[in-house]
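Below is work32.cif, holding mmCIF, C-alpha atoms and all ligand atoms.
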```cif
data_input
loop_
_atom_site.label_atom_id
_atom_site.label_comp_id
_atom_site.auth_asym_id
_atom_site.auth_seq_id
_atom_site.Cartn_x
_atom_site.Cartn_y
_atom_site.Cartn_z
CA MET B 132 -16.26 -14.21 0.49
CA LEU B 133 -15.11 -10.64 -0.16
CA ILE B 134 -16.42 -7.59 1.67
CA THR B 135 -15.80 -4.26 -0.03
CA CYS B 136 -14.85 -1.93 2.80
CA PRO B 137 -15.83 1.66 1.95
CA TYR B 138 -12.34 2.75 3.03
CA CYS B 139 -10.04 -0.15 2.09
CA GLY B 140 -11.74 -1.69 -0.93
CA PRO B 141 -12.42 -5.40 -1.46
CA ARG B 142 -10.88 -7.58 1.27
CA ASP B 143 -11.08 -11.22 2.25
CA VAL B 144 -13.67 -12.03 4.92
CA ILE B 145 -10.84 -13.20 7.21
CA GLU B 146 -10.03 -9.52 7.86
CA PHE B 147 -13.53 -8.89 9.25
CA THR B 148 -15.28 -9.70 12.51
CA TYR B 149 -19.02 -10.27 12.66
CA GLN B 150 -20.60 -7.97 15.24
CA GLY B 151 -24.13 -9.28 15.09
CA ASP B 152 -27.58 -8.56 13.76
CA GLY B 153 -27.88 -5.02 12.39
CA ASN B 154 -31.64 -4.79 12.87
CA ARG B 155 -31.45 -4.47 16.65
CA GLU B 156 -32.50 -1.20 18.24
CA ARG B 157 -30.65 -0.69 21.54
CA PRO B 158 -32.90 0.87 24.20
CA GLN B 159 -31.65 3.97 26.04
CA SER B 160 -29.25 2.74 28.69
CA ALA B 161 -31.53 3.97 31.53
CA SER B 162 -34.58 2.30 30.01
CA GLN B 163 -36.52 -0.08 32.25
CA ASP B 164 -38.67 -1.32 29.37
CA LEU B 165 -38.09 -5.05 29.82
CA ASP B 166 -39.83 -5.95 26.55
CA ALA B 167 -37.52 -3.60 24.65
CA TRP B 168 -34.45 -5.11 26.33
CA ASN B 169 -35.74 -8.61 25.71
CA ALA B 170 -36.23 -7.82 22.04
CA TYR B 171 -32.77 -6.26 21.82
CA VAL B 172 -31.07 -9.26 23.38
CA TYR B 173 -33.10 -12.16 21.97
CA ASP B 174 -35.37 -11.32 19.03
CA ARG B 175 -33.82 -12.12 15.66
CA LEU B 176 -35.42 -12.16 12.21
CA ASN B 177 -33.28 -15.06 10.95
CA PRO B 178 -34.25 -14.41 7.33
CA ALA B 179 -33.49 -16.68 4.37
CA GLY B 180 -32.29 -13.85 2.15
CA ASP B 181 -31.04 -10.30 2.64
CA HIS B 182 -29.94 -9.62 6.20
CA ASN B 183 -28.75 -6.37 7.84
CA GLU B 184 -25.52 -7.08 9.69
CA ILE B 185 -22.79 -5.23 11.56
CA TRP B 186 -19.21 -6.17 10.73
CA GLN B 187 -15.94 -4.65 11.84
CA HIS B 188 -12.96 -4.41 9.51
CA SER B 189 -10.86 -5.55 12.46
CA GLY B 190 -7.88 -6.61 10.34
CA GLY B 191 -7.86 -3.37 8.34
CA CYS B 192 -9.12 0.14 9.03
CA ARG B 193 -11.09 -1.13 12.06
CA ALA B 194 -14.24 0.74 10.98
CA HIS B 195 -17.62 -0.70 11.91
CA LEU B 196 -19.73 -1.40 8.85
CA ARG B 197 -23.38 -1.96 8.00
CA VAL B 198 -23.48 -4.87 5.57
CA VAL B 199 -26.44 -6.41 3.74
CA ARG B 200 -25.61 -10.06 3.17
CA ASN B 201 -27.80 -12.67 1.58
CA THR B 202 -27.89 -15.60 3.99
CA LEU B 203 -28.60 -18.06 1.16
CA THR B 204 -25.95 -16.98 -1.35
CA HIS B 205 -23.50 -14.88 0.77
CA GLU B 206 -23.91 -12.18 -1.86
CA ILE B 207 -23.22 -8.78 -0.33
CA SER B 208 -25.43 -6.10 -1.83
CA SER B 209 -24.45 -3.13 0.31
CA VAL B 210 -21.65 -1.96 2.63
CA ALA B 211 -21.61 1.38 4.44
CA PHE B 212 -19.96 2.90 7.50
CA ALA B 213 -22.01 2.19 10.61
CA ARG B 214 -21.27 5.64 11.99
CA GLY B 215 -23.97 8.20 11.36
CA ASP B 216 -27.47 7.44 10.18
CA HIS B 217 -27.92 3.82 11.20
CA LYS B 218 -30.96 3.43 8.97
CA SER B 219 -28.96 4.15 5.81
CA VAL B 220 -28.41 0.54 4.80
CA ALA B 221 -32.03 -0.46 5.28
CA ARG B 222 -33.01 2.47 3.09
CA HIS B 223 -30.46 1.48 0.49
CA LYS B 224 -31.92 -2.01 0.49
CA THR B 225 -35.47 -0.75 -0.05
CA GLU B 226 -34.32 1.54 -2.84
CA GLY B 227 -32.51 -1.34 -4.50
CA LYS B 228 -35.68 -3.38 -4.63
CA SER B 229 -37.99 -0.67 -5.94
CA MET H 37 14.21 9.97 24.83
CA VAL H 38 14.77 6.46 26.14
CA GLU H 39 17.20 4.60 23.90
CA ARG H 40 15.46 1.97 21.85
CA GLN H 41 16.71 -1.53 21.26
CA SER H 42 15.69 -3.25 18.05
CA PRO H 43 13.67 -6.46 18.42
CA LEU H 44 15.63 -7.66 15.36
CA GLU H 45 19.08 -7.71 16.95
CA PRO H 46 20.84 -10.85 15.71
CA ALA H 47 20.89 -13.85 18.02
CA PRO H 48 23.65 -16.50 17.74
CA LEU H 49 21.52 -19.13 16.04
CA GLU H 50 19.46 -16.89 13.76
CA PRO H 51 21.44 -16.13 10.62
CA GLU H 52 18.46 -14.51 8.86
CA LEU H 53 18.73 -11.60 11.28
CA ARG H 54 22.29 -10.84 10.16
CA THR H 55 23.37 -8.54 7.37
CA GLY H 56 24.49 -10.21 4.15
CA SER H 57 23.05 -12.29 1.35
CA HIS H 58 20.81 -15.25 2.10
CA GLY H 59 18.66 -17.82 0.35
CA ASP H 60 18.97 -18.49 -3.35
CA PHE H 61 21.10 -15.46 -4.22
CA GLU H 62 23.43 -17.20 -6.67
CA HIS H 63 21.31 -15.86 -9.53
CA GLY H 64 21.06 -12.42 -7.98
CA VAL H 65 19.51 -10.68 -5.02
CA ASP H 66 15.92 -9.80 -5.85
CA VAL H 67 14.83 -8.25 -2.55
CA ILE H 68 16.61 -6.23 0.11
CA LEU H 69 15.28 -6.32 3.66
CA SER H 70 16.12 -3.74 6.28
CA GLU H 71 14.84 -2.17 9.46
CA THR H 72 14.47 1.56 8.92
CA ARG H 73 14.36 2.52 12.62
CA PRO H 74 12.55 5.85 12.31
CA GLY H 75 12.84 8.11 15.34
CA SER H 76 9.13 8.93 15.37
CA ILE H 77 6.05 6.88 14.47
CA LEU H 78 2.79 8.66 15.28
CA GLN H 79 -0.87 7.92 14.89
CA LEU H 80 -3.05 10.98 14.33
CA ALA H 81 -6.83 10.86 14.49
CA ALA H 82 -9.31 13.62 13.69
CA TRP H 83 -12.65 14.01 15.40
CA PRO H 84 -15.51 13.67 12.90
CA GLY H 85 -15.65 16.84 10.79
CA GLN H 86 -12.09 17.89 11.72
CA GLU H 87 -10.30 15.86 9.03
CA LYS H 88 -9.35 18.88 6.89
CA GLU H 89 -7.88 20.70 9.90
CA LEU H 90 -5.82 17.65 10.80
CA ILE H 91 -4.57 17.24 7.22
CA SER H 92 -3.56 20.89 7.14
CA GLY H 93 -1.79 20.44 10.50
CA ILE H 94 0.15 17.52 9.06
CA ARG H 95 1.20 19.74 6.18
CA THR H 96 2.26 22.51 8.56
CA VAL H 97 4.47 20.21 10.61
CA THR H 98 5.87 17.86 7.95
CA GLY H 99 5.59 19.86 4.74
CA LEU H 100 3.86 16.84 3.21
CA ALA H 101 0.60 17.36 1.32
CA LEU H 102 -1.85 14.47 1.61
CA PRO H 103 -3.55 13.66 -1.68
CA ASP H 104 -7.32 13.11 -1.56
CA GLY H 105 -8.73 9.67 -1.07
CA ALA H 106 -8.76 6.65 1.22
CA GLY H 107 -5.28 5.35 1.98
CA ALA H 108 -3.58 8.21 0.15
CA GLY H 109 -0.19 9.37 1.34
CA SER H 110 3.16 10.81 0.46
CA THR H 111 6.80 10.61 1.42
CA ASP H 112 9.90 12.73 0.92
CA GLY H 113 12.32 10.04 2.02
CA VAL H 114 12.71 11.51 5.51
CA LYS H 115 9.13 12.04 6.60
CA SER H 116 6.16 9.95 5.49
CA VAL H 117 2.41 10.13 5.97
CA PHE H 118 -0.51 7.98 4.88
CA GLY H 119 -4.15 7.43 5.77
CA PHE H 120 -4.86 4.02 7.29
CA ALA H 121 -8.49 4.46 8.39
CA PRO H 122 -11.21 7.10 8.06
CA GLY H 123 -9.81 10.30 9.63
CA LYS H 124 -6.68 8.52 10.86
CA PHE H 125 -3.10 8.87 9.67
CA THR H 126 0.30 7.41 10.36
CA VAL H 127 3.09 10.00 10.34
CA VAL H 128 6.73 8.92 10.43
CA ASP H 129 9.95 10.89 10.74
CA GLU H 130 13.57 9.74 10.75
CA ALA H 131 14.14 12.15 13.65
CA GLU H 132 12.78 11.82 17.16
CA GLY H 133 10.46 14.40 18.70
CA LEU H 134 7.72 14.57 16.06
CA ALA H 135 4.99 14.23 18.72
CA SER H 136 6.06 17.44 20.43
CA ALA H 137 6.09 19.22 17.07
CA PHE H 138 2.41 18.31 16.69
CA ALA H 139 1.47 19.23 20.26
CA ASN H 140 0.55 22.83 19.52
CA VAL H 141 -0.84 22.14 16.03
CA VAL H 142 -3.25 19.27 16.63
CA THR H 143 -5.25 20.88 19.43
CA PRO H 144 -7.74 18.85 21.50
CA ASP H 145 -10.65 20.16 19.43
CA ILE H 146 -9.08 18.83 16.20
CA GLY H 147 -8.05 15.34 17.27
CA THR H 148 -5.44 13.23 18.98
CA VAL H 149 -1.74 12.43 18.62
CA THR H 150 -0.52 9.05 19.82
CA ASP H 151 3.21 8.36 19.92
CA LEU H 152 3.82 4.78 18.79
CA SER H 153 7.55 5.19 18.20
CA HIS H 154 8.43 2.46 20.70
CA GLY H 155 5.46 0.28 19.84
CA ARG H 156 6.02 -0.36 16.14
CA THR H 157 8.88 -1.76 14.13
CA ALA H 158 9.41 -0.50 10.58
CA ILE H 159 10.62 -3.06 8.06
CA ARG H 160 11.53 -2.15 4.50
CA ILE H 161 11.40 -4.53 1.56
CA ALA H 162 12.80 -3.28 -1.72
CA GLY H 163 13.76 -4.74 -5.05
CA PRO H 164 12.27 -6.19 -8.23
CA LYS H 165 10.56 -9.06 -6.36
CA ALA H 166 9.24 -7.00 -3.41
CA GLU H 167 5.68 -7.00 -4.77
CA TRP H 168 5.91 -10.70 -5.48
CA VAL H 169 7.12 -11.60 -1.97
CA LEU H 170 4.49 -9.40 -0.28
CA ALA H 171 1.75 -10.94 -2.42
CA LYS H 172 2.52 -14.21 -0.65
CA PHE H 173 1.72 -12.54 2.69
CA PHE H 174 -1.18 -10.19 2.12
CA ALA H 175 -4.38 -10.61 0.09
CA ILE H 176 -4.28 -7.11 -1.38
CA ASP H 177 -3.36 -5.78 -4.81
CA PHE H 178 0.27 -4.64 -4.84
CA ALA H 179 0.32 -3.60 -8.53
CA LEU H 180 1.46 -0.01 -8.95
CA PRO H 181 -1.82 1.31 -10.48
CA ALA H 182 -3.84 -0.15 -7.57
CA PHE H 183 -1.28 0.77 -4.88
CA PRO H 184 0.49 3.98 -5.94
CA VAL H 185 3.70 5.36 -4.44
CA GLY H 186 2.96 7.11 -1.14
CA ALA H 187 -0.29 5.22 -0.50
CA GLY H 188 -0.88 3.16 2.63
CA ARG H 189 -2.87 0.01 3.40
CA SER H 190 -4.05 -1.57 6.64
CA THR H 191 -4.16 -5.33 6.50
CA MET H 192 -2.87 -8.36 8.32
CA HIS H 193 -0.75 -11.46 7.92
CA HIS H 194 -2.49 -14.17 9.91
CA ASP H 195 -3.15 -12.22 13.09
CA VAL H 196 -0.23 -9.83 12.73
CA PHE H 197 -1.71 -6.43 11.95
CA ALA H 198 0.36 -4.50 9.42
CA GLN H 199 0.35 -1.05 7.93
CA ILE H 200 2.10 -0.92 4.58
CA GLN H 201 3.21 2.19 2.74
CA ARG H 202 4.60 2.09 -0.76
CA THR H 203 7.63 4.38 -0.61
CA GLY H 204 8.95 3.63 -4.10
CA ALA H 205 7.99 1.82 -7.29
CA ASP H 206 9.53 -1.36 -5.87
CA GLN H 207 9.82 -0.44 -2.19
CA PHE H 208 7.43 -0.91 0.72
CA ASP H 209 7.67 0.05 4.41
CA ILE H 210 5.79 -2.27 6.73
CA TYR H 211 4.84 -1.24 10.27
CA VAL H 212 4.15 -4.13 12.64
CA PHE H 213 3.66 -4.35 16.38
CA ARG H 214 7.09 -4.46 17.99
CA SER H 215 6.29 -7.68 19.85
CA PHE H 216 5.48 -9.44 16.55
CA ALA H 217 8.38 -7.90 14.62
CA ARG H 218 10.87 -10.71 15.14
CA SER H 219 8.57 -13.50 13.98
CA PHE H 220 7.26 -11.38 11.11
CA TRP H 221 10.80 -10.59 10.03
CA LYS H 222 11.74 -14.26 10.09
CA ALA H 223 8.67 -15.16 8.03
CA LEU H 224 9.58 -12.43 5.55
CA CYS H 225 13.10 -13.83 5.29
CA HIS H 226 11.80 -17.35 4.67
CA ALA H 227 9.43 -16.03 2.00
CA SER H 228 12.34 -14.19 0.35
CA GLU H 229 14.67 -17.20 0.27
CA GLU H 230 13.60 -18.42 -3.16
CA VAL H 231 14.29 -15.09 -4.84
CA GLY H 232 17.55 -14.42 -2.98
CA TYR H 233 17.62 -11.66 -0.39
CA GLU H 234 20.05 -9.38 1.27
CA VAL H 235 19.73 -8.00 4.79
CA GLN H 236 21.10 -4.50 5.14
ZN ZN B 301 -11.48 -1.08 6.00
#
```
What is this file in structure tokens?
Ligand SMILES: [Zn+2]
Amino acid sequence: MLITCPYCGPRDVIEFTYQGDGNRERPQSASQDLDAWNAYVYDRLNPAGDHNEIWQHSGGCRAHLRVVRNTLTHEISSVAFARGDHKSVARHKTEGKS
Amino acid sequence: MVERQSPLEPAPLEPELRTGSHGDFEHGVDVILSETRPGSILQLAAWPGQEKELISGIRTVTGLALPDGAGAGSTDGVKSVFGFAPGKFTVVDEAEGLASAFANVVTPDIGTVTDLSHGRTAIRIAGPKAEWVLAKFFAIDFALPAFPVGAGRSTMHHDVFAQIQRTGADQFDIYVFRSFARSFWKALCHASEEVGYEVQ
């Protein structure tokens, strides 16, 4: 599996570390909304298909990336820096389908 | 500055650490390995939005202009610079004291300067088979059009993180963590055996 880092170009998956589900919305750190924390920690979509994920190019530029990976085929349809607008990948995905 | 000792000093039973020709060199020496021992190895990082200021500061101090683009870099044979991550650059000088030269140029509102001179070991591989030997180590494209002279790459060999700058058409400088340098050097020597190598 190759992931095309926006900085480094296509690299083997061995250079990357999976950082978890990219759909999670972390509550404000002072939040006492237990349902929101529960959702953040436990709720996962587990889709058979395109999935928003966070990866780190730990064996390269070390940037955190938003990746859309198909859980059935491992096809990667989008990679972007995680810094900045964290909705950018989801938007990209919607645009790609329209 | 504190005097540095190379992690590659030869030990009695490790001939690959000694100068001279090794491996299958009867048909010629196709790579030359050396430790360049630069006096200064720095990591510079710009705060988001301050990248242009940092790049201009690098030019002020080193005289080196950074070309546009990810991983771009340049070298004049004495000083070298290349991007290794978004907004981050490795700057190397044969002389010591480069960090203090940056102190008044890279101000706290532009970014940070980290002196890694004692933390990295610089290994040079040169010769007609340099690309070929490195291709055994790293899953990146070493061909000149994909990896131009001056450019840098961040990658790893197993878990040994490496920054590689192409400093000539058939010459690469590899920066590895000092504590991994000895084993990386030995692996590089073993990989060079079949083409014949010389340690300088
Ligand atoms: Zn990268």
Requested in this report: Step by step, measure atom-to-atom distances between ligand ZN 301 (chain B) and each residue using only C-alpha atoms and all ligand atoms, keep those at most 9 Å, then write them as a ChimeraX atom specification.
Outcome: /B:135-142,146-147,187-196 /H:120-122,190-191
Requested in this report: Identify every residue of chain H that has at least one atom within 9 Å of any atom of chain B, counting only C-alpha atoms, and report the result as an NGL selection string.
Outcome: :H and (105-107 or 120-122 or 124 or 175-176 or 189-199)
If you take every atom of range 178-189 of chain B that the file lists and fit an axis-aligned box around them with 6 Å extra on each side, what centre and edge lengths come out in Å to one decimal, as JSON?
```
{"center_x": -22.6, "center_y": -10.5, "center_z": 7.3, "size_x": 35.4, "size_y": 24.3, "size_z": 22.3}
```
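Between Gly232 in chain H and the residues H:Glu132, H:Glu167, H:Asp60, H:Asp145, the shortest atom-to-atom distance, using all atoms listed in the file, involves H:Asp60.
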Query raised in the report: Any idea what's packed within 10 Å of Ala205 in chain H, counting all atoms listed in the file, ignoring anything in its chain fewer than 4 positions away? Could you give it as an MDAnalysis selection string?
Result: chainID H and resid 162:164 166:167 179:180 183:186
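For Val231 in chain H, the list of residues within 9 Å, based on all atoms listed in the file and with local chain neighbours fewer than 2 positions off taken out, reads Gly59, Asp60, Phe61, His63, Gly64, Val65, Asp66, Val67, Lys165, Val169, Ala227, Ser228, Glu229 and Tyr233 of chain H.
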Report task. Determine, counting only C-alpha atoms, which protein, DNA and RNA residues have an atom within 12 Å of an atom of Gly153 in chain B; residues of the same chain fewer than 2 positions away are not included. Present the result as an MDAnalysis selection string. Result -> chainID B and resid 149:151 155:157 171 174:177 181:187 195:200 210:211 213 217:221
Can you write out the residues you just picked, keeping C-alpha atoms, as a PDB file, in the frame of the given file?
```pdb
ATOM      1  CA  TYR B 149     -19.020 -10.270  12.660  1.00  0.00           C
ATOM      2  CA  GLN B 150     -20.600  -7.970  15.240  1.00  0.00           C
ATOM      3  CA  GLY B 151     -24.130  -9.280  15.090  1.00  0.00           C
ATOM      4  CA  ARG B 155     -31.450  -4.470  16.650  1.00  0.00           C
ATOM      5  CA  GLU B 156     -32.500  -1.200  18.240  1.00  0.00           C
ATOM      6  CA  ARG B 157     -30.650  -0.690  21.540  1.00  0.00           C
ATOM      7  CA  TYR B 171     -32.770  -6.260  21.820  1.00  0.00           C
ATOM      8  CA  ASP B 174     -35.370 -11.320  19.030  1.00  0.00           C
ATOM      9  CA  ARG B 175     -33.820 -12.120  15.660  1.00  0.00           C
ATOM     10  CA  LEU B 176     -35.420 -12.160  12.210  1.00  0.00           C
ATOM     11  CA  ASN B 177     -33.280 -15.060  10.950  1.00  0.00           C
ATOM     12  CA  ASP B 181     -31.040 -10.300   2.640  1.00  0.00           C
ATOM     13  CA  HIS B 182     -29.940  -9.620   6.200  1.00  0.00           C
ATOM     14  CA  ASN B 183     -28.750  -6.370   7.840  1.00  0.00           C
ATOM     15  CA  GLU B 184     -25.520  -7.080   9.690  1.00  0.00           C
ATOM     16  CA  ILE B 185     -22.790  -5.230  11.560  1.00  0.00           C
ATOM     17  CA  TRP B 186     -19.210  -6.170  10.730  1.00  0.00           C
ATOM     18  CA  GLN B 187     -15.940  -4.650  11.840  1.00  0.00           C
ATOM     19  CA  HIS B 195     -17.620  -0.700  11.910  1.00  0.00           C
ATOM     20  CA  LEU B 196     -19.730  -1.400   8.850  1.00  0.00           C
ATOM     21  CA  ARG B 197     -23.380  -1.960   8.000  1.00  0.00           C
ATOM     22  CA  VAL B 198     -23.480  -4.870   5.570  1.00  0.00           C
ATOM     23  CA  VAL B 199     -26.440  -6.410   3.740  1.00  0.00           C
ATOM     24  CA  ARG B 200     -25.610 -10.060   3.170  1.00  0.00           C
ATOM     25  CA  VAL B 210     -21.650  -1.960   2.630  1.00  0.00           C
ATOM     26  CA  ALA B 211     -21.610   1.380   4.440  1.00  0.00           C
ATOM     27  CA  ALA B 213     -22.010   2.190  10.610  1.00  0.00           C
ATOM     28  CA  HIS B 217     -27.920   3.820  11.200  1.00  0.00           C
ATOM     29  CA  LYS B 218     -30.960   3.430   8.970  1.00  0.00           C
ATOM     30  CA  SER B 219     -28.960   4.150   5.810  1.00  0.00           C
ATOM     31  CA  VAL B 220     -28.410   0.540   4.800  1.00  0.00           C
ATOM     32  CA  ALA B 221     -32.030  -0.460   5.280  1.00  0.00           C
TER      33      ALA B 221
END
```
**Report entry** Near-range 88-97 of chain H list (7 Å; all atoms listed in the file; drop same-chain fewer than 4 positions) as a PyMOL selection string
**Finding:** chain H and resi 82+101-102+137-138+141-142+146
Query - Counting all atoms listed in the file, the residue of H:Arg40, H:Glu71, H:Ile77, H:Phe220 that sits nearest Val149 in chain H - result: H:Ile77
